[in-house]
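Asks: The structure under discussion is supplied below as C-alpha cells; questions concerning it will follow.
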Amino acid sequence: MATRLLFLRGPAARGLRGCGMPNSMRVQARGLAAQAAVYTETGSPQDVIQVVERELPDAADGLEPGQVVVRMLAAPVNPSDLNQIEGTYPVRGRFATMALRGGATIHGAVGGNEGVGEVVATAHGVDGVQPGDWVVPRRAGEFGTWCSHTVAAADGLVAIPRAWRAGVQPADVACLKVNPSTAYRMLRDFAELRAGDYVIQNGANSGVGRAVIQLARHWGFRTINVVRDRPHLATLQQELQALGGDIVVSDRQLGDEDVKQRLRSLDAPVRLGFNCVGGRATLQMTKFISAGGTLVSYGGMSRQPVTLPTSLLLFNDIRARGFWMNRWYADCQGDSAREAEMAAMWQDILALVRGGAFATQPLAESRWLAAMPLADAQRLVSSAVAWGSGAKHAFSF
Ligand SMILES: NC(=O)c1ccc[n+]([C@@H]2O[C@H](COP(=O)([O-])OP(=O)(O)OC[C@H]3O[C@@H](n4cnc5c(N)ncnc54)[C@H](OP(=O)(O)O)[C@@H]3O)[C@@H](O)[C@H]2O)c1
C-alpha cells in the first residue's frame, strides 16, 4: 500500500493565528545567513545569476504563520531552470525583495525549481511537517532551490515519508519529481503497452531518456534509443545498453539502410515515440512509430519546431501529443485520487532505486558549502548553469 504523502494546506498549514504565543516562542530557528543564487532580471543564466548572502528571519522577528525554514540538501540544474532564467519558460521565478546580510536588499528570484531540503524549523502551529523531515517543492516556481537555506510556505511543500529515505541518496529525491516522473507518466498514460512492445525515443541519454530505459525494462517493454552522433559513441551505447536499452543508435546511424531495415522488421509494434529534441530528429524518429502509434513531445532541446509530414498522419494515423509534468502535478491538486497516484509513483521509483533497479542519471556534483567565500560560490554556480557544459549539474549543500 502506498504511504500517504503529507500535503499541507488550509489553516493547519498556515499556522495558528492569534494563538497567544510571543513570536520568540513560535519558531525554533535563530537568525541564519544563507547563500542563494539569485537573478534580478531574465537573461543568459551565466550573465544574470549572482550568489548573495541572505538574511533569513530569526526568532525575534519570527517566521510568518505557516512558514518553515528549509536547509537544502541537493538541487539539480535542469534545462527548464535555465529556460526560466532566460524568460522562455511558462513558469516564472518567484520575484521578491530579499534582505541581505549587511542591511541591503535585492529584488530578484532564487534559481532552481527542483530539489530536496530538510526542515530545520517551523512556525508554531504548522502540524504537517516537523524538523528533520525531507521536503520537496509542491509546484515549480514555489521557491528557488539553489540556496543553502530558504524560508518556504508549508503548504507549498510535500513531505517525503521517512520510510522512503532508506537506501536512497538526497540526489535521488532531489531529482525525483521531474525526470523519472515524466518518464513514468509517459510510459503509462499514452498507450496500453504490452510486454515486448517497443518505445522509440530521441535524447535517450538525457535524464528523462535514461529513466525511460530503466522503467521500460522494469515493466517488460523494449526501447529504441537515439542519441546524437559523437566521438566515442560506442561508450555511450554500452552505457545505455547496460541500463537496459535494447537498441541504441545515433541519429546518423538511423539513416543507414541496415538500421532502417532492422527497425522495420521488429517482432512487436513501436507504439510510442518520445521526443525531447524537435526538428529533423523528431521527423527521423517518428517514421519508425507503428501505424496508430503516438508521438509524445516533452522537450525541445534543438529549439526547432516539430514538423510532421502529412503522410505520417494520413497513412500511419500517428497521433501527436504533448506532455508537461507540471500540468500533471497541477491537476493533482485537490484531487485525492491523483495525489495518491503521485505518491504511488514516487514510492515506486524510490523502491526501484533502493532495490538497485533504477539509477538516477549521472550528475556532476557541485558541492556548495554554506561557509564558502561568495566569490567561490559564484564560480561554482556560474559553471553549473552554463548551457552545454556536457554534464547535468546538481548542487549538494
Ligand atoms: N515536459 C516535461 O514535463 C519535461 C520534464 C522533464 C524534462 N523535460 C525536458 O526534456 C528535455 C531533457 O531534459 P533532461 O533534464 O532529461 O535533460 P538532460 O539530462 O540535461 O540532457 C539533455 C539532453 O538534451 C540533448 N541535447 C542538448 N542540446 C541538444 C540539441 N541542440 N539538439 C539535440 N539534443 C540536444 C543532450 O544530448 P547530447 O548528449 O547529445 O548533448 C541530452 O540528451 C529538456 O528539454 C527538458 O526541458 C520536460
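Every chain in the C-alpha cells has a letter given in the order shown (A, B, ...), and although residue numbers restart at 1 in each chain, ligands are simply numbered from 1 in the order shown.
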Can you write out as CSV which residues of chain A fall within 7 Å of ligand 1, alongside each residue's closest atom pair and its distance in Å to one decimal, counting only C-alpha atoms and all ligand atoms and ordering rows by chain and ascending residue number?

Replies:
```
residue,atom,partner,partner_atom_place_in_ligand_line,distance
A:Asn78,CA,ligand 1,15 (O),5.0
A:Pro79,CA,ligand 1,47 (O),4.8
A:Ser80,CA,ligand 1,47 (O),4.5
A:Val178,CA,ligand 1,6 (C),5.1
A:Asn179,CA,ligand 1,6 (C),4.6
A:Thr182,CA,ligand 1,5 (C),5.3
A:Gly203,CA,ligand 1,43 (O),3.8
A:Ala204,CA,ligand 1,43 (O),5.8
A:Asn205,CA,ligand 1,43 (O),4.6
A:Ser206,CA,ligand 1,21 (O),3.6
A:Gly207,CA,ligand 1,16 (O),3.4
A:Val208,CA,ligand 1,16 (O),4.1
A:Gly209,CA,ligand 1,16 (O),6.3
A:Val227,CA,ligand 1,40 (O),6.1
A:Arg228,CA,ligand 1,40 (O),4.5
A:Cys276,CA,ligand 1,11 (C),5.0
A:Val277,CA,ligand 1,33 (C),5.0
A:Tyr298,CA,ligand 1,1 (N),3.8
A:Gly299,CA,ligand 1,45 (O),3.7
A:Gly300,CA,ligand 1,45 (O),4.9
A:Met301,CA,ligand 1,29 (C),4.7
A:Ser302,CA,ligand 1,31 (N),3.9
A:Phe323,CA,ligand 1,1 (N),5.1
A:Trp324,CA,ligand 1,3 (O),3.5
A:Met325,CA,ligand 1,3 (O),3.5
A:Asn326,CA,ligand 1,3 (O),5.9
A:Gly388,CA,ligand 1,28 (N),6.7
A:Gly390,CA,ligand 1,41 (O),6.3
A:Lys392,CA,ligand 1,20 (O),5.2
```

Asks: Just the residues within 7 Å of stretch 246-251 of chain A, please, counting only C-alpha atoms, with nothing from its chain fewer than 5 positions along; format it as a ChimeraX atom specification.

Replies: /A:222-229,237,241

Asks: Output N, CA and C atoms of each residue in that selection to a file, as a PDB file, in the first residue's frame.

Replies:
```pdb
ATOM      1  N   ARG A 222      10.362  -2.738 -24.509  1.00  0.00           N
ATOM      2  CA  ARG A 222      11.688  -2.603 -25.106  1.00  0.00           C
ATOM      3  C   ARG A 222      11.871  -1.187 -25.659  1.00  0.00           C
ATOM      4  N   THR A 223      13.101  -0.737 -25.718  1.00  0.00           N
ATOM      5  CA  THR A 223      13.359   0.647 -26.144  1.00  0.00           C
ATOM      6  C   THR A 223      14.337   0.718 -27.312  1.00  0.00           C
ATOM      7  N   ILE A 224      14.018   1.649 -28.206  1.00  0.00           N
ATOM      8  CA  ILE A 224      14.939   2.003 -29.296  1.00  0.00           C
ATOM      9  C   ILE A 224      15.405   3.412 -28.956  1.00  0.00           C
ATOM     10  N   ASN A 225      16.683   3.557 -28.795  1.00  0.00           N
ATOM     11  CA  ASN A 225      17.214   4.792 -28.222  1.00  0.00           C
ATOM     12  C   ASN A 225      18.107   5.514 -29.219  1.00  0.00           C
ATOM     13  N   VAL A 226      17.737   6.761 -29.496  1.00  0.00           N
ATOM     14  CA  VAL A 226      18.514   7.544 -30.454  1.00  0.00           C
ATOM     15  C   VAL A 226      19.254   8.646 -29.694  1.00  0.00           C
ATOM     16  N   VAL A 227      20.547   8.743 -29.963  1.00  0.00           N
ATOM     17  CA  VAL A 227      21.355   9.811 -29.356  1.00  0.00           C
ATOM     18  C   VAL A 227      22.043  10.578 -30.484  1.00  0.00           C
ATOM     19  N   ARG A 228      22.548  11.761 -30.161  1.00  0.00           N
ATOM     20  CA  ARG A 228      23.290  12.489 -31.188  1.00  0.00           C
ATOM     21  C   ARG A 228      24.619  11.797 -31.435  1.00  0.00           C
ATOM     22  N   ASP A 229      25.043  11.838 -32.692  1.00  0.00           N
ATOM     23  CA  ASP A 229      26.326  11.234 -33.031  1.00  0.00           C
ATOM     24  C   ASP A 229      27.439  11.962 -32.269  1.00  0.00           C
ATOM     25  N   GLN A 237      26.755   3.974 -26.128  1.00  0.00           N
ATOM     26  CA  GLN A 237      25.851   2.865 -26.477  1.00  0.00           C
ATOM     27  C   GLN A 237      25.926   1.769 -25.412  1.00  0.00           C
ATOM     28  N   GLN A 241      22.923   0.557 -22.995  1.00  0.00           N
ATOM     29  CA  GLN A 241      22.542  -0.871 -23.041  1.00  0.00           C
ATOM     30  C   GLN A 241      22.637  -1.487 -21.648  1.00  0.00           C
TER      31      GLN A 241
END
```

Asks: Please run DSSP on the backbone and report, as a list in words, all residues within stretch 129-190 of chain A that come out as alpha helix (DSSP H).

Replies: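 Residues meeting the alpha helix (DSSP H) criterion: Pro170, Ala171, Asp172, Val173, Ala174, Asn179, Pro180, Ser181, Thr182, Ala183, Tyr184, Arg185, Met186, Leu187, Arg188 and Asp189 of chain A.
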
Asks: Env of stretch 111-118 of chain A: 7 Å cut, atoms = only C-alpha atoms, seq-sep filter 5 positions within chain, self excluded. Answer as a PyMOL selection string.

Replies: chain A and resi 37-38+70-77+81+132-137+140-141+143-146+170+173-175

Asks: Can I get the selected residues back with N, CA, C and O atoms, as a compact mmCIF listing (two decimals), in the first residue's frame?

Replies:
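Generated file (out_17.txt):
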```txt
# COMPACT_ATOMS: atom_id res chain seq x y z
N ALA A 37 21.52 31.61 -5.10
CA ALA A 37 21.81 32.04 -6.48
C ALA A 37 20.59 32.79 -6.98
O ALA A 37 19.53 32.20 -7.19
N VAL A 38 20.74 34.10 -7.15
CA VAL A 38 19.60 34.98 -7.42
C VAL A 38 19.77 35.63 -8.78
O VAL A 38 20.89 35.92 -9.20
N VAL A 70 13.92 25.77 5.64
CA VAL A 70 14.40 24.55 5.00
C VAL A 70 15.89 24.69 4.71
O VAL A 70 16.33 25.70 4.15
N ARG A 71 16.64 23.68 5.10
CA ARG A 71 18.07 23.61 4.73
C ARG A 71 18.15 22.72 3.51
O ARG A 71 17.76 21.55 3.57
N MET A 72 18.59 23.27 2.39
CA MET A 72 18.61 22.46 1.17
C MET A 72 19.69 21.38 1.28
O MET A 72 20.76 21.59 1.85
N LEU A 73 19.38 20.22 0.72
CA LEU A 73 20.33 19.11 0.70
C LEU A 73 20.91 18.90 -0.70
O LEU A 73 22.09 18.66 -0.85
N ALA A 74 20.05 18.98 -1.70
CA ALA A 74 20.51 18.75 -3.08
C ALA A 74 19.50 19.38 -4.04
O ALA A 74 18.29 19.39 -3.76
N ALA A 75 20.02 19.88 -5.16
CA ALA A 75 19.13 20.50 -6.15
C ALA A 75 19.79 20.42 -7.53
O ALA A 75 20.94 20.85 -7.68
N PRO A 76 19.10 19.86 -8.52
CA PRO A 76 19.71 19.75 -9.84
C PRO A 76 19.56 21.05 -10.65
O PRO A 76 18.75 21.91 -10.30
N VAL A 77 20.33 21.12 -11.72
CA VAL A 77 20.18 22.21 -12.69
C VAL A 77 19.52 21.60 -13.92
O VAL A 77 20.18 20.90 -14.70
N ASP A 81 15.07 25.00 -15.74
CA ASP A 81 15.52 26.05 -14.81
C ASP A 81 16.24 27.15 -15.60
O ASP A 81 16.10 28.34 -15.31
N GLY A 132 13.54 17.91 10.64
CA GLY A 132 14.07 16.58 10.30
C GLY A 132 13.40 15.99 9.07
O GLY A 132 13.96 15.10 8.43
N ASP A 133 12.21 16.47 8.72
CA ASP A 133 11.53 15.95 7.53
C ASP A 133 12.26 16.40 6.26
O ASP A 133 12.77 17.51 6.20
N TRP A 134 12.24 15.52 5.27
CA TRP A 134 12.71 15.91 3.93
C TRP A 134 11.50 16.40 3.15
O TRP A 134 10.44 15.72 3.17
N VAL A 135 11.67 17.53 2.48
CA VAL A 135 10.55 18.10 1.72
C VAL A 135 11.00 18.49 0.32
O VAL A 135 12.17 18.81 0.09
N VAL A 136 10.04 18.44 -0.61
CA VAL A 136 10.29 18.91 -1.98
C VAL A 136 9.25 19.97 -2.30
O VAL A 136 8.16 19.97 -1.71
N PRO A 137 9.57 20.89 -3.21
CA PRO A 137 8.57 21.92 -3.54
C PRO A 137 7.34 21.28 -4.18
O PRO A 137 7.46 20.38 -5.01
N ALA A 140 6.49 23.83 -9.42
CA ALA A 140 7.61 24.60 -9.99
C ALA A 140 7.32 26.07 -9.68
O ALA A 140 6.17 26.50 -9.73
N GLY A 141 8.35 26.82 -9.35
CA GLY A 141 8.16 28.24 -9.05
C GLY A 141 7.72 28.49 -7.62
O GLY A 141 7.52 29.64 -7.23
N PHE A 143 9.47 27.91 -4.74
CA PHE A 143 10.60 28.67 -4.19
C PHE A 143 11.86 28.22 -4.91
O PHE A 143 11.91 27.10 -5.45
N GLY A 144 12.84 29.09 -4.96
CA GLY A 144 14.09 28.74 -5.63
C GLY A 144 14.86 27.73 -4.78
O GLY A 144 14.96 27.89 -3.56
N THR A 145 15.39 26.71 -5.44
CA THR A 145 16.06 25.64 -4.69
C THR A 145 17.58 25.77 -4.68
O THR A 145 18.25 24.99 -4.00
N TRP A 146 18.12 26.73 -5.43
CA TRP A 146 19.57 26.86 -5.47
C TRP A 146 20.02 27.78 -4.34
O TRP A 146 20.35 28.96 -4.54
N PRO A 170 20.07 11.84 -1.05
CA PRO A 170 19.33 13.08 -1.29
C PRO A 170 19.19 13.41 -2.79
O PRO A 170 18.14 13.86 -3.24
N VAL A 173 16.20 11.85 -4.40
CA VAL A 173 14.93 12.52 -4.08
C VAL A 173 14.87 13.89 -4.76
O VAL A 173 13.83 14.31 -5.26
N ALA A 174 16.03 14.55 -4.81
CA ALA A 174 16.08 15.88 -5.42
C ALA A 174 15.66 15.83 -6.89
O ALA A 174 15.05 16.76 -7.41
N CYS A 175 15.96 14.71 -7.55
CA CYS A 175 15.69 14.60 -8.99
C CYS A 175 14.45 13.77 -9.29
O CYS A 175 14.19 13.45 -10.45
```

Asks: I'd like the neighbourhood of A:Ala104 as a list in words, where a residue qualifies if any of its atoms comes within 12 Å (using only C-alpha atoms), though same-chain residues fewer than 4 positions away should be ignored.

Replies: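 Near neighbours after the sequence-gap exclusion: Val52, Glu53, Arg54, Glu55, Thr97, Met98, Ala99 and Leu100 of chain A.
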
Asks: Could you save the residues just selected, with C-alpha atoms, as a PDB file, in the first residue's frame?

Replies:
```
ATOM      1  CA  VAL A  52      24.244  36.593  -2.476  1.00  0.00           C
ATOM      2  CA  GLU A  53      24.169  36.121   1.267  1.00  0.00           C
ATOM      3  CA  ARG A  54      20.632  36.388   2.535  1.00  0.00           C
ATOM      4  CA  GLU A  55      19.489  37.251   5.999  1.00  0.00           C
ATOM      5  CA  THR A  97      12.542  41.669  -2.148  1.00  0.00           C
ATOM      6  CA  MET A  98      15.085  39.831  -0.026  1.00  0.00           C
ATOM      7  CA  ALA A  99      17.086  41.153   2.891  1.00  0.00           C
ATOM      8  CA  LEU A 100      20.812  40.639   2.520  1.00  0.00           C
TER       9      LEU A 100
END
```

Asks: When you draw a straight line from atom CA of A:Asn202 to atom CA of A:Ser297, how long is it in Å?

Replies: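 Calculated distance between atom CA of A:Asn202 and atom CA of A:Ser297 is 10.1 Å.
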
Asks: Which residues are near A:Leu272? Cut-off 12 Å, only C-alpha atoms, ignore same chain within fewer than 4 positions. Put them as a ChimeraX atom specification.

Replies: /A:186-194,197-202,212,216,221-224,268,285-297,318-321

Asks: Between atom CA of A:Gly108 and atom CA of A:Phe95, what distance in Å does the model show, to one decimal?

Replies: 4.8 Å

Asks: Show me, as an MDAnalysis selection string, the residues that have an atom within 7 Å of A:Gly278 when counting only C-alpha atoms, minus same-chain residues fewer than 3 positions from it.

Replies: chainID A and resid 275 281:282 300:306

Asks: Please measure the separation of atom CA of A:Val129 and atom CA of A:Glu142, giving the value in Å to one decimal.

Replies: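 Computing it gives 16.7 Å between the two atoms.
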
Asks: Return as a VMD selection string the full set of residues in stretch 320-371 of chain A whose backbone-based DSSP assignment is strand (DSSP E).

Replies: chain A and resid 320 to 322 364 to 367
